[in-house]
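J.: If it helps, the file is called start.pdb and holds PDB, C-alpha atoms and all ligand atoms:
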```pdb
ATOM      1  CA  MET N   1      93.124 200.942 171.556
ATOM      2  CA  LYS N   2      95.661 202.577 169.235
ATOM      3  CA  CYS N   3      99.437 202.351 169.278
ATOM      4  CA  LYS N   4     100.877 205.546 170.754
ATOM      5  CA  ARG N   5     103.643 205.600 168.177
ATOM      6  CA  CYS N   6     102.206 204.449 164.821
ATOM      7  CA  ARG N   7      98.424 204.678 165.476
ATOM      8  CA  GLY N   8      98.047 201.033 164.393
ATOM      9  CA  LYS N   9      96.212 198.456 166.496
ATOM     10  CA  ALA N  10      97.756 198.289 169.977
ATOM     11  CA  VAL N  11      98.322 194.903 171.618
ATOM     12  CA  VAL N  12     100.324 195.866 174.727
ATOM     13  CA  GLN N  13      99.119 198.293 177.365
ATOM     14  CA  VAL N  14     101.725 199.933 179.616
ATOM     15  CA  ARG N  15      99.619 201.472 182.354
ATOM     16  CA  GLN N  16     102.432 203.083 184.305
ATOM     17  CA  HIS N  17     103.277 205.147 181.212
ATOM     18  CA  ASN N  18      99.634 205.557 180.249
ATOM     19  CA  ALA N  19     100.453 204.195 176.793
ATOM     20  CA  ALA N  20      99.692 201.289 174.460
ATOM     21  CA  PHE N  21     101.771 199.875 171.588
ATOM     22  CA  CYS N  22     101.656 197.459 168.690
ATOM     23  CA  ARG N  23     104.269 194.658 168.795
ATOM     24  CA  GLY N  24     106.915 196.428 166.728
ATOM     25  CA  CYS N  25     106.564 199.748 168.515
ATOM     26  CA  PHE N  26     106.662 198.021 171.929
ATOM     27  CA  VAL N  27     110.038 196.495 171.039
ATOM     28  CA  PHE N  28     111.243 199.952 169.979
ATOM     29  CA  PHE N  29     109.861 201.519 173.195
ATOM     30  CA  PHE N  30     111.484 198.876 175.435
ATOM     31  CA  GLN N  31     114.866 199.126 173.747
ATOM     32  CA  ARG N  32     114.769 202.916 173.864
ATOM     33  CA  GLN N  33     113.959 202.863 177.597
ATOM     34  CA  VAL N  34     117.009 200.656 178.189
ATOM     35  CA  GLN N  35     119.219 202.878 176.039
ATOM     36  CA  ARG N  36     118.061 205.988 177.891
ATOM     37  CA  ALA N  37     118.754 204.408 181.275
ATOM     38  CA  ILE N  38     122.263 203.431 180.120
ATOM     39  CA  GLU N  39     123.014 206.916 178.790
ATOM     40  CA  ARG N  40     121.353 209.042 181.475
ATOM     41  CA  GLU N  41     122.817 207.061 184.354
ATOM     42  CA  ARG N  42     126.175 206.792 182.550
ATOM     43  CA  MET N  43     126.240 203.034 182.944
ATOM     44  CA  PHE N  44     128.602 202.295 180.035
ATOM     45  CA  THR N  45     129.407 203.204 176.450
ATOM     46  CA  LEU N  46     129.874 201.305 173.192
ATOM     47  CA  ASP N  47     133.592 201.019 174.051
ATOM     48  CA  ASP N  48     133.104 199.140 177.330
ATOM     49  CA  ALA N  49     133.242 195.352 177.594
ATOM     50  CA  VAL N  50     130.026 194.452 179.407
ATOM     51  CA  LEU N  51     129.492 191.151 181.191
ATOM     52  CA  VAL N  52     125.778 190.323 181.379
ATOM     53  CA  ALA N  53     124.761 188.016 184.240
ATOM     54  CA  VAL N  54     122.151 185.679 182.794
ATOM     55  CA  SER N  55     120.047 183.391 184.956
ATOM     56  CA  GLY N  56     117.929 181.936 182.137
ATOM     57  CA  GLY N  57     114.925 184.009 183.258
ATOM     58  CA  LYS N  58     113.083 186.600 181.162
ATOM     59  CA  ASP N  59     114.728 189.717 182.614
ATOM     60  CA  SER N  60     118.377 188.887 182.098
ATOM     61  CA  LEU N  61     117.828 187.288 178.665
ATOM     62  CA  ALA N  62     115.693 190.273 177.575
ATOM     63  CA  LEU N  63     118.474 192.585 178.771
ATOM     64  CA  TRP N  64     121.143 190.666 176.863
ATOM     65  CA  ASP N  65     118.963 190.690 173.748
ATOM     66  CA  VAL N  66     118.517 194.488 173.951
ATOM     67  CA  LEU N  67     122.240 195.096 174.479
ATOM     68  CA  ILE N  68     123.108 192.919 171.483
ATOM     69  CA  GLU N  69     120.504 194.749 169.355
ATOM     70  CA  LEU N  70     121.827 198.148 170.472
ATOM     71  CA  GLY N  71     125.335 197.140 169.407
ATOM     72  CA  TYR N  72     127.062 196.969 172.800
ATOM     73  CA  ARG N  73     130.090 194.704 173.324
ATOM     74  CA  THR N  74     128.796 191.946 175.558
ATOM     75  CA  ALA N  75     129.429 188.442 176.805
ATOM     76  CA  GLY N  76     127.162 186.512 179.138
ATOM     77  CA  VAL N  77     128.014 184.751 182.374
ATOM     78  CA  HIS N  78     125.843 182.025 183.829
ATOM     79  CA  LEU N  79     126.303 180.297 187.178
ATOM     80  CA  ALA N  80     125.003 176.720 187.331
ATOM     81  CA  LEU N  81     124.073 176.813 191.016
ATOM     82  CA  GLY N  82     123.220 173.160 191.588
ATOM     83  CA  ILE N  83     119.596 173.707 192.605
ATOM     84  CA  GLY N  84     118.432 170.423 191.057
ATOM     85  CA  GLY N  85     116.402 170.340 187.845
ATOM     86  CA  TYR N  86     115.648 174.052 188.115
ATOM     87  CA  SER N  87     119.332 174.954 187.691
ATOM     88  CA  ARG N  88     119.794 172.401 184.890
ATOM     89  CA  ARG N  89     116.885 173.862 182.937
ATOM     90  CA  SER N  90     118.133 177.436 183.554
ATOM     91  CA  THR N  91     121.547 176.520 182.202
ATOM     92  CA  GLU N  92     119.981 174.972 179.092
ATOM     93  CA  LYS N  93     118.019 178.172 178.378
ATOM     94  CA  THR N  94     121.092 180.396 178.605
ATOM     95  CA  GLU N  95     123.177 178.058 176.446
ATOM     96  CA  ALA N  96     120.429 177.827 173.816
ATOM     97  CA  PHE N  97     120.118 181.643 173.724
ATOM     98  CA  ALA N  98     123.885 182.159 173.329
ATOM     99  CA  CYS N  99     124.084 179.483 170.643
ATOM    100  CA  ARG N 100     121.152 180.932 168.683
ATOM    101  CA  ARG N 101     122.536 184.455 168.822
ATOM    102  CA  GLY N 102     126.143 183.414 168.264
ATOM    103  CA  VAL N 103     127.374 185.247 171.364
ATOM    104  CA  ARG N 104     129.956 184.282 173.972
ATOM    105  CA  LEU N 105     128.680 182.707 177.189
ATOM    106  CA  ILE N 106     130.892 181.952 180.170
ATOM    107  CA  SER N 107     129.304 179.063 182.073
ATOM    108  CA  VAL N 108     130.485 178.462 185.631
ATOM    109  CA  ARG N 109     129.703 175.077 187.157
ATOM    110  CA  LEU N 110     128.952 175.270 190.858
ATOM    111  CA  ASP N 111     126.773 172.206 190.908
ATOM    112  CA  GLU N 112     129.332 169.817 192.314
ATOM    113  CA  GLU N 113     130.774 169.246 195.764
ATOM    114  CA  ASP N 114     130.821 172.063 198.285
ATOM    115  CA  ALA N 115     129.892 174.953 195.998
ATOM    116  CA  ALA N 116     126.333 173.781 195.233
ATOM    117  CA  ILE N 117     123.719 175.901 197.008
ATOM    118  CA  PRO N 118     121.993 172.993 198.838
ATOM    119  CA  THR N 119     125.377 171.968 200.354
ATOM    120  CA  LEU N 120     126.375 175.535 201.241
ATOM    121  CA  SER N 121     123.055 176.119 202.917
ATOM    122  CA  ALA N 122     122.736 172.765 204.749
ATOM    123  CA  PHE N 123     126.286 172.762 206.171
ATOM    124  CA  THR N 124     126.184 176.365 207.347
ATOM    125  CA  ASN N 125     122.585 176.569 208.560
ATOM    126  CA  ARG N 126     122.064 179.614 206.355
ATOM    127  CA  PRO N 127     118.784 180.096 204.479
ATOM    128  CA  ALA N 128     119.308 178.902 200.885
ATOM    129  CA  CYS N 129     118.662 182.412 199.495
ATOM    130  CA  ALA N 130     121.340 183.947 201.748
ATOM    131  CA  ALA N 131     123.956 181.362 200.723
ATOM    132  CA  CYS N 132     122.893 181.783 197.090
ATOM    133  CA  GLY N 133     123.213 185.592 197.233
ATOM    134  CA  THR N 134     126.722 185.362 198.709
ATOM    135  CA  SER N 135     127.791 182.789 196.121
ATOM    136  CA  LYS N 136     126.350 184.736 193.161
ATOM    137  CA  ARG N 137     127.977 188.020 194.237
ATOM    138  CA  HIS N 138     131.349 186.328 194.680
ATOM    139  CA  HIS N 139     131.402 184.400 191.417
ATOM    140  CA  LEU N 140     130.023 187.234 189.276
ATOM    141  CA  ASP N 141     132.640 189.646 190.691
ATOM    142  CA  ARG N 142     135.373 187.045 190.271
ATOM    143  CA  VAL N 143     134.525 186.193 186.655
ATOM    144  CA  ALA N 144     134.224 189.877 185.691
ATOM    145  CA  PHE N 145     137.676 190.539 187.156
ATOM    146  CA  GLU N 146     139.394 187.417 185.812
ATOM    147  CA  GLN N 147     137.979 187.871 182.318
ATOM    148  CA  GLY N 148     138.749 191.612 182.164
ATOM    149  CA  PHE N 149     135.240 193.122 182.133
ATOM    150  CA  SER N 150     134.883 196.603 183.624
ATOM    151  CA  VAL N 151     131.074 196.484 183.764
ATOM    152  CA  LEU N 152     128.757 193.822 185.190
ATOM    153  CA  ALA N 153     125.088 194.139 184.175
ATOM    154  CA  THR N 154     122.212 192.322 185.891
ATOM    155  CA  GLY N 155     118.559 191.964 184.903
ATOM    156  CA  HIS N 156     117.078 193.498 188.073
ATOM    157  CA  ASN N 157     113.812 195.154 187.058
ATOM    158  CA  LEU N 158     111.518 197.784 188.570
ATOM    159  CA  ASP N 159     109.595 195.194 190.604
ATOM    160  CA  ASP N 160     112.859 193.860 192.084
ATOM    161  CA  GLU N 161     114.071 197.345 192.945
ATOM    162  CA  ALA N 162     110.735 198.471 194.423
ATOM    163  CA  ALA N 163     110.480 195.288 196.536
ATOM    164  CA  ARG N 164     114.038 195.681 197.739
ATOM    165  CA  LEU N 165     113.425 199.324 198.590
ATOM    166  CA  LEU N 166     110.286 198.449 200.531
ATOM    167  CA  GLY N 167     112.178 195.786 202.513
ATOM    168  CA  ASN N 168     115.050 198.180 203.230
ATOM    169  CA  VAL N 169     112.643 200.884 204.400
ATOM    170  CA  LEU N 170     110.525 198.543 206.543
ATOM    171  CA  HIS N 171     113.657 197.435 208.395
ATOM    172  CA  TRP N 172     115.479 200.783 208.114
ATOM    173  CA  GLN N 173     118.509 199.165 206.567
ATOM    174  CA  VAL N 174     120.326 202.461 206.204
ATOM    175  CA  GLN N 175     123.540 200.956 204.883
ATOM    176  CA  HIS N 176     121.641 199.082 202.187
ATOM    177  CA  LEU N 177     119.614 202.193 201.322
ATOM    178  CA  ALA N 178     122.867 204.081 200.804
ATOM    179  CA  LYS N 179     123.930 201.496 198.220
ATOM    180  CA  GLN N 180     120.613 200.970 196.437
ATOM    181  CA  GLN N 181     121.143 202.586 193.057
ATOM    182  CA  PRO N 182     121.136 201.579 189.384
ATOM    183  CA  VAL N 183     124.897 202.171 189.054
ATOM    184  CA  LEU N 184     127.409 201.136 191.697
ATOM    185  CA  ALA N 185     130.803 202.599 190.934
ATOM    186  CA  SER N 186     133.782 200.303 191.245
ATOM    187  CA  THR N 187     135.362 200.705 194.697
ATOM    188  CA  HIS N 188     138.370 198.497 194.005
ATOM    189  CA  GLU N 189     140.399 197.515 190.957
ATOM    190  CA  ARG N 190     139.047 193.971 191.263
ATOM    191  CA  PHE N 191     135.421 195.110 191.356
ATOM    192  CA  ALA N 192     133.592 195.887 188.109
ATOM    193  CA  ARG N 193     131.030 198.713 187.968
ATOM    194  CA  LYS N 194     127.603 197.178 188.604
ATOM    195  CA  VAL N 195     124.638 198.332 186.561
ATOM    196  CA  LYS N 196     120.926 197.524 186.286
ATOM    197  CA  PRO N 197     119.694 198.845 182.934
ATOM    198  CA  LEU N 198     116.129 197.484 183.460
ATOM    199  CA  PHE N 199     115.571 199.296 186.768
ATOM    200  CA  ARG N 200     112.723 201.403 185.357
ATOM    201  CA  LEU N 201     111.060 198.580 183.383
ATOM    202  CA  SER N 202     108.537 196.317 185.089
ATOM    203  CA  GLU N 203     108.523 192.539 185.255
ATOM    204  CA  TYR N 204     105.434 192.635 183.024
ATOM    205  CA  GLU N 205     107.210 194.716 180.370
ATOM    206  CA  ALA N 206     110.233 192.385 180.428
ATOM    207  CA  ALA N 207     107.931 189.360 180.045
ATOM    208  CA  VAL N 208     106.128 190.968 177.096
ATOM    209  CA  TYR N 209     109.447 191.912 175.478
ATOM    210  CA  ALA N 210     110.797 188.362 175.865
ATOM    211  CA  PHE N 211     107.579 186.936 174.433
ATOM    212  CA  VAL N 212     107.424 189.303 171.456
ATOM    213  CA  ARG N 213     111.100 188.684 170.661
ATOM    214  CA  GLY N 214     110.624 184.907 170.836
ATOM    215  CA  ILE N 215     113.116 184.476 173.674
ATOM    216  CA  ASP N 216     112.840 181.037 175.267
ATOM    217  CA  TYR N 217     113.282 181.545 179.016
ATOM    218  CA  ILE N 218     112.684 179.551 182.185
ATOM    219  CA  ILE N 219     109.223 180.363 183.472
ATOM    220  CA  GLU N 220     109.299 178.405 186.728
ATOM    221  CA  GLU N 221     110.513 180.219 189.840
ATOM    222  CA  CYS N 222     113.468 178.998 191.871
ATOM    223  CA  PRO N 223     112.078 176.347 194.299
ATOM    224  CA  ASN N 224     113.886 178.095 197.160
ATOM    225  CA  SER N 225     111.921 181.303 196.594
ATOM    226  CA  VAL N 226     108.660 179.793 197.871
ATOM    227  CA  GLY N 227     107.586 181.915 200.843
ATOM    228  CA  ALA N 228     110.420 184.434 200.352
ATOM    229  CA  THR N 229     109.665 187.839 201.880
ATOM    230  CA  GLN N 230     110.667 189.488 198.600
ATOM    231  CA  LEU N 231     107.603 187.876 196.997
ATOM    232  CA  VAL N 232     105.360 189.225 199.773
ATOM    233  CA  TYR N 233     106.679 192.741 199.128
ATOM    234  CA  LYS N 234     106.093 192.293 195.392
ATOM    235  CA  ASP N 235     102.530 191.212 196.051
ATOM    236  CA  VAL N 236     101.833 194.236 198.252
ATOM    237  CA  LEU N 237     103.318 196.564 195.629
ATOM    238  CA  ASN N 238     101.252 194.911 192.874
ATOM    239  CA  ARG N 239      98.099 195.586 194.866
ATOM    240  CA  LEU N 240      99.040 199.246 195.258
ATOM    241  CA  GLU N 241      99.927 199.427 191.564
ATOM    242  CA  ALA N 242      96.531 197.995 190.549
ATOM    243  CA  VAL N 243      94.747 200.819 192.369
ATOM    244  CA  MET N 244      97.342 203.522 191.664
ATOM    245  CA  PRO N 245      99.248 202.823 188.407
ATOM    246  CA  GLY N 246     102.738 204.292 188.524
ATOM    247  CA  THR N 247     103.254 203.699 192.263
ATOM    248  CA  LYS N 248     106.291 201.446 191.852
ATOM    249  CA  LEU N 249     107.997 203.742 189.382
ATOM    250  CA  ALA N 250     107.405 206.822 191.561
ATOM    251  CA  PHE N 251     108.566 204.953 194.689
ATOM    252  CA  VAL N 252     111.904 204.008 193.101
ATOM    253  CA  ASN N 253     112.407 207.204 191.084
ATOM    254  CA  ASP N 254     111.625 209.559 193.950
ATOM    255  CA  PHE N 255     113.832 207.575 196.309
ATOM    256  CA  LEU N 256     116.747 207.929 193.879
ATOM    257  CA  ARG N 257     116.041 211.606 193.235
ATOM    258  CA  THR N 258     115.337 212.834 196.741
ATOM    259  CA  GLY N 259     115.577 210.094 199.377
ATOM    260  CA  ARG N 260     118.843 208.283 198.815
ATOM    261  CA  ALA N 261     121.145 211.250 199.438
ATOM    262  CA  ALA N 262     120.019 211.272 203.069
ATOM    263  CA  PHE N 263     121.581 207.842 203.556
ATOM    264  CA  ALA N 264     124.775 208.325 201.544
ATOM    265  CA  THR N 265     127.988 207.619 203.454
ATOM    266  CA  ASP N 266     131.695 207.947 202.703
ATOM    267  CA  GLY N 267     131.924 204.206 202.322
ATOM    268  CA  ALA N 268     133.510 201.690 204.641
ATOM    269  CA  GLY N 269     137.156 202.604 204.068
ATOM    270  CA  LEU N 270     139.691 200.633 202.072
ATOM    271  CA  PRO N 271     139.044 196.919 201.580
ATOM    272  CA  GLN N 272     141.693 194.302 202.357
ATOM    273  CA  THR N 273     142.490 191.251 200.252
ATOM    274  CA  CYS N 274     140.742 187.973 201.062
ATOM    275  CA  ALA N 275     143.240 185.354 202.253
ATOM    276  CA  GLY N 276     141.202 182.657 200.504
ATOM    277  CA  CYS N 277     140.436 184.008 197.036
ATOM    278  CA  GLY N 278     142.256 187.321 196.683
ATOM    279  CA  MET N 279     139.085 189.342 196.116
ATOM    280  CA  PRO N 280     138.499 192.552 198.135
ATOM    281  CA  THR N 281     136.850 192.187 201.542
ATOM    282  CA  PHE N 282     136.458 194.047 204.833
ATOM    283  CA  ALA N 283     137.475 191.034 206.928
ATOM    284  CA  SER N 284     140.447 188.688 206.593
ATOM    285  CA  LEU N 285     138.253 186.210 204.671
ATOM    286  CA  CYS N 286     135.428 187.253 202.318
ATOM    287  CA  SER N 287     131.954 186.030 203.160
ATOM    288  CA  TYR N 288     132.053 183.411 200.395
ATOM    289  CA  CYS N 289     135.368 181.927 201.562
ATOM    290  CA  SER N 290     134.028 181.916 205.149
ATOM    291  CA  LEU N 291     131.061 179.866 203.951
ATOM    292  CA  LEU N 292     133.346 177.395 202.187
ATOM    293  CA  ARG N 293     135.580 177.082 205.276
ATOM    294  CA  GLU N 294     132.535 176.370 207.407
ATOM    295  CA  VAL N 295     131.436 173.609 205.023
ATOM    296  CA  GLU N 296     134.952 172.121 205.029
ATOM    297  CA  SER N 297     135.261 172.078 208.795
ATOM    298  CA  LYS N 298     131.786 170.574 209.305
ATOM    299  CA  ARG N 299     132.501 167.951 206.661
ATOM    300  CA  ALA N 300     135.804 167.042 208.352
ATOM    301  CA  ARG N 301     133.960 166.432 211.638
ATOM    302  CA  PHE N 302     131.551 164.031 209.952
ATOM    303  CA  VAL N 303     134.143 162.023 208.027
ATOM    304  CA  VAL N 304     134.591 158.571 209.566
ATOM    305  CA  PRO N 305     138.210 157.377 209.179
ATOM    306  CA  ALA N 306     138.551 154.067 207.320
ATOM    307  CA  ALA N 307     139.313 151.002 209.500
ATOM    308  CA  GLY N 308     143.004 150.604 210.292
ATOM    309  CA  THR N 309     143.816 154.257 209.570
ATOM    310  CA  ALA N 310     146.182 155.776 212.111
ATOM    311  CA  GLN N 311     144.408 158.417 214.262
TER     312      GLN N 311
HETATM  313  P1  LIG P   1     117.745 187.188 191.331
HETATM  314  O1  LIG P   1     118.810 187.427 192.336
HETATM  315  O2  LIG P   1     117.471 185.722 191.100
HETATM  316  O3  LIG P   1     116.531 188.022 191.496
HETATM  317  O4  LIG P   1     118.369 187.665 189.942
HETATM  318  C1  LIG P   1     118.759 188.981 189.732
HETATM  319  C2  LIG P   1     119.749 189.038 188.611
HETATM  320  O5  LIG P   1     120.946 188.353 188.995
HETATM  321  C3  LIG P   1     119.299 188.368 187.332
HETATM  322  O6  LIG P   1     118.528 189.227 186.527
HETATM  323  C4  LIG P   1     120.621 188.026 186.681
HETATM  324  O7  LIG P   1     121.169 189.162 186.044
HETATM  325  C5  LIG P   1     121.503 187.683 187.885
HETATM  326  N1  LIG P   1     121.486 186.222 188.142
HETATM  327  C6  LIG P   1     120.618 185.523 188.920
HETATM  328  N2  LIG P   1     120.893 184.206 188.907
HETATM  329  C7  LIG P   1     121.974 184.051 188.090
HETATM  330  C8  LIG P   1     122.752 182.921 187.650
HETATM  331  N3  LIG P   1     122.462 181.685 188.051
HETATM  332  N4  LIG P   1     123.783 183.147 186.808
HETATM  333  C9  LIG P   1     124.089 184.405 186.401
HETATM  334  N5  LIG P   1     123.391 185.500 186.783
HETATM  335  C10 LIG P   1     122.352 185.345 187.610
HETATM  336 ZN    ZN P   2     137.404 185.035 199.411
END
```
Please lay out the structure from this file as structure tokens.
Ligand code: AMP
Ligand code: ZN
T.:
Amino acid sequence: MKCKRCRGKAVVQVRQHNAAFCRGCFVFFFQRQVQRAIERERMFTLDDAVLVAVSGGKDSLALWDVLIELGYRTAGVHLALGIGGYSRRSTEKTEAFACRRGVRLISVRLDEEDAAIPTLSAFTNRPACAACGTSKRHHLDRVAFEQGFSVLATGHNLDDEAARLLGNVLHWQVQHLAKQQPVLASTHERFARKVKPLFRLSEYEAAVYAFVRGIDYIIEECPNSVGATQLVYKDVLNRLEAVMPGTKLAFVNDFLRTGRAAFATDGAGLPQTCAGCGMPTFASLCSYCSLLREVESKRARFVVPAAGTAQ
């Protein structure tokens, strides 16, 4: 097998693009794909301050690495979510990456008291992944706003986007379909533009890129993801992909090109300001502050007053 670019010995095969590359040319190919996505989808320019949400996994660290290499102005943000040893090891990976590259990382500790995911989930009877999603959205939006970033980039890859699309279609989540796109414009001065520069690159390509670039990332999956429906969708899509290479890419691309417009809406009107945290919301309290209030009120019910305390 020969490298498509330099005709040297190829070591990476990218079936969805019907191409193979040597190590050096694969790095070039991957970085160019990211650059093209950023430019074609008008995600951001060299002048924008981009906040990269890094989990410690291969996708987000690969994304940060590419953006640094391409000369974009970035800082990372990492949320320590309090999911036991898994979160501790994730935090270590992001800190080691930032230290090695000499780049700024904003670390947010949510591993104490009520903000930790196990507490949020147990006290509110929400599945851990639902509580985690609400918490991540809130804190990433908040940090981007407070630290003055106009763009928030995440490491969502093609497999994530295809699985999400499949789930949204299977349940005809029309409101979610309307919003599933690689660039979400800011709808409020406190919301950064949200972008997914890896949306056309597969999990496999991101893993190869991270490996070839010597990026040390957390390989284990979040313990809460065991049995998650998202993984079932990914498995189904992988089986289709094995028989018909290019299925995932066509599914996502064709949805964006022809399908999505059918679901587009005018939006949900003007957001109000959350009474708890000041971030935009469509209710009096945002969903994150509602979660916290629920934890507080349940905790208060379980607190046993000390002996002799007036009732
Ligand atoms: P996930 O929701 O775990 O599939 O992750 C999707 C993307 O969200 C990742 O690629 C990151 O960009 C971001 N992300 C996930 N977990 C964290 C975290 N703990 N801190 C910062 N960003 C995160
Ligand atoms: Zn709030």
J.: Find the residues of chain N that sit at most 8 Å from ligand ZN 2 (chain P); for each, write down the nearest two atoms and how far apart they are in Å, to one decimal. Count only C-alpha atoms and all ligand atoms. Sort by chain, then by number going up, and give it as a Markdown table.
T.:
```
| residue | atom | partner | partner_atom | distance |
| --- | --- | --- | --- | --- |
| N:His138 | CA | P:ZN2 | ZN | 7.8 |
| N:Cys274 | CA | P:ZN2 | ZN | 4.7 |
| N:Ala275 | CA | P:ZN2 | ZN | 6.5 |
| N:Gly276 | CA | P:ZN2 | ZN | 4.6 |
| N:Cys277 | CA | P:ZN2 | ZN | 4.0 |
| N:Gly278 | CA | P:ZN2 | ZN | 6.0 |
| N:Met279 | CA | P:ZN2 | ZN | 5.7 |
| N:Pro280 | CA | P:ZN2 | ZN | 7.7 |
| N:Thr281 | CA | P:ZN2 | ZN | 7.5 |
| N:Leu285 | CA | P:ZN2 | ZN | 5.5 |
| N:Cys286 | CA | P:ZN2 | ZN | 4.2 |
| N:Ser287 | CA | P:ZN2 | ZN | 6.7 |
| N:Tyr288 | CA | P:ZN2 | ZN | 5.7 |
| N:Cys289 | CA | P:ZN2 | ZN | 4.3 |
| N:Ser290 | CA | P:ZN2 | ZN | 7.4 |
```
J.: Quick one: residues within 9 Å of region 244-258 of chain N, only C-alpha atoms, excluding same-chain residues fewer than 2 positions away - as a PyMOL selection string?
T.: chain N and resi 15-18+158-159+161-163+165-166+180-182+199-202+237-242+260-262
J.: Using only C-alpha atoms and all ligand atoms, determine which residues fall within 7 Å of ligand LIG 1 (chain P), then list them as a tab-separated table (two decimals) with C-alpha atoms, in the coordinates of the input.
T.:
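Output contents, as saved in part26.tsv:
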```tsv
chain	number	residue	atom	x	y	z
N	52	VAL	CA	125.78	190.32	181.38
N	53	ALA	CA	124.76	188.02	184.24
N	54	VAL	CA	122.15	185.68	182.79
N	55	SER	CA	120.05	183.39	184.96
N	59	ASP	CA	114.73	189.72	182.61
N	60	SER	CA	118.38	188.89	182.10
N	77	VAL	CA	128.01	184.75	182.37
N	78	HIS	CA	125.84	182.02	183.83
N	79	LEU	CA	126.30	180.30	187.18
N	80	ALA	CA	125.00	176.72	187.33
N	81	LEU	CA	124.07	176.81	191.02
N	133	GLY	CA	123.21	185.59	197.23
N	136	LYS	CA	126.35	184.74	193.16
N	153	ALA	CA	125.09	194.14	184.18
N	154	THR	CA	122.21	192.32	185.89
N	155	GLY	CA	118.56	191.96	184.90
N	156	HIS	CA	117.08	193.50	188.07
N	160	ASP	CA	112.86	193.86	192.08
```
J.: Restricting the calculation to all atoms listed in the file: of N:Phe149, N:Ala75, N:Thr45, N:Gly57, which residue gets closest to Gly102 (chain N)?
T.: N:Ala75
J.: Would you compute an axis-aligned box for region 94-110 of chain N, covering every atom listed for it in the file with 4 Å of margin on each side, and report centre and edge lengths in Å to one decimal as AutoDock Vina command-line options?
T.:
```
--center_x 125.5 --center_y 180.2 --center_z 179.6 --size_x 18.8 --size_y 18.2 --size_z 30.6
```
J.: With the file shown as input, list the residues that the PyMOL selection byres (((chain N and resi 110-119) around 6) and not hetatm) selects, as a list in words.
T.: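 Evaluating the PyMOL selection byres (((chain N and resi 110-119) around 6) and not hetatm) on these coordinates yields Ala80, Leu81, Gly82, Arg109, Leu120, Ser121, Ala122, Phe123 and Cys132 of chain N.
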J.: Residue by residue, what does the PyMOL selection byres (((chain N and resi 66) around 10) and not hetatm) grab here? Present the result as a count of residues only.
T.: 21
J.: Quick one: which residues end up in the PyMOL selection byres (((chain N and resi 190) around 7) and not hetatm) for this structure, as a list in words?
T.: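 Answer for the PyMOL selection byres (((chain N and resi 190) around 7) and not hetatm): Phe145, His188, Glu189, Phe191, Ala192 and Met279 of chain N.
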J.: Provide the CA of Val151 (chain N) to CA of Ile38 (chain N) distance in Å, to one decimal place.
T.: 11.8 Å
J.: Suppose you want the space between CA of Tyr86 (chain N) and CA of Ala131 (chain N); what is it in Å?
T.: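 Computing the Euclidean distance for CA of Tyr86 (chain N) and CA of Ala131 (chain N) yields 16.8 Å.
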J.: Could you please give me, as a ChimeraX atom specification, the residues of protein, DNA or RNA lying at most 6 Å from (123.0, 180.9, 180.2) in the coordinate frame of the file, considering all atoms listed in the file?
T.: /N:54,56,78,91,93-95
J.: Rank nothing, just name the residue among N:Thr74, N:Leu51, N:Cys129, N:Asn168 nearest to Val226 (chain N), using only C-alpha atoms.
T.: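 Distance minimum relative to Val226 (chain N) lands on N:Cys129.
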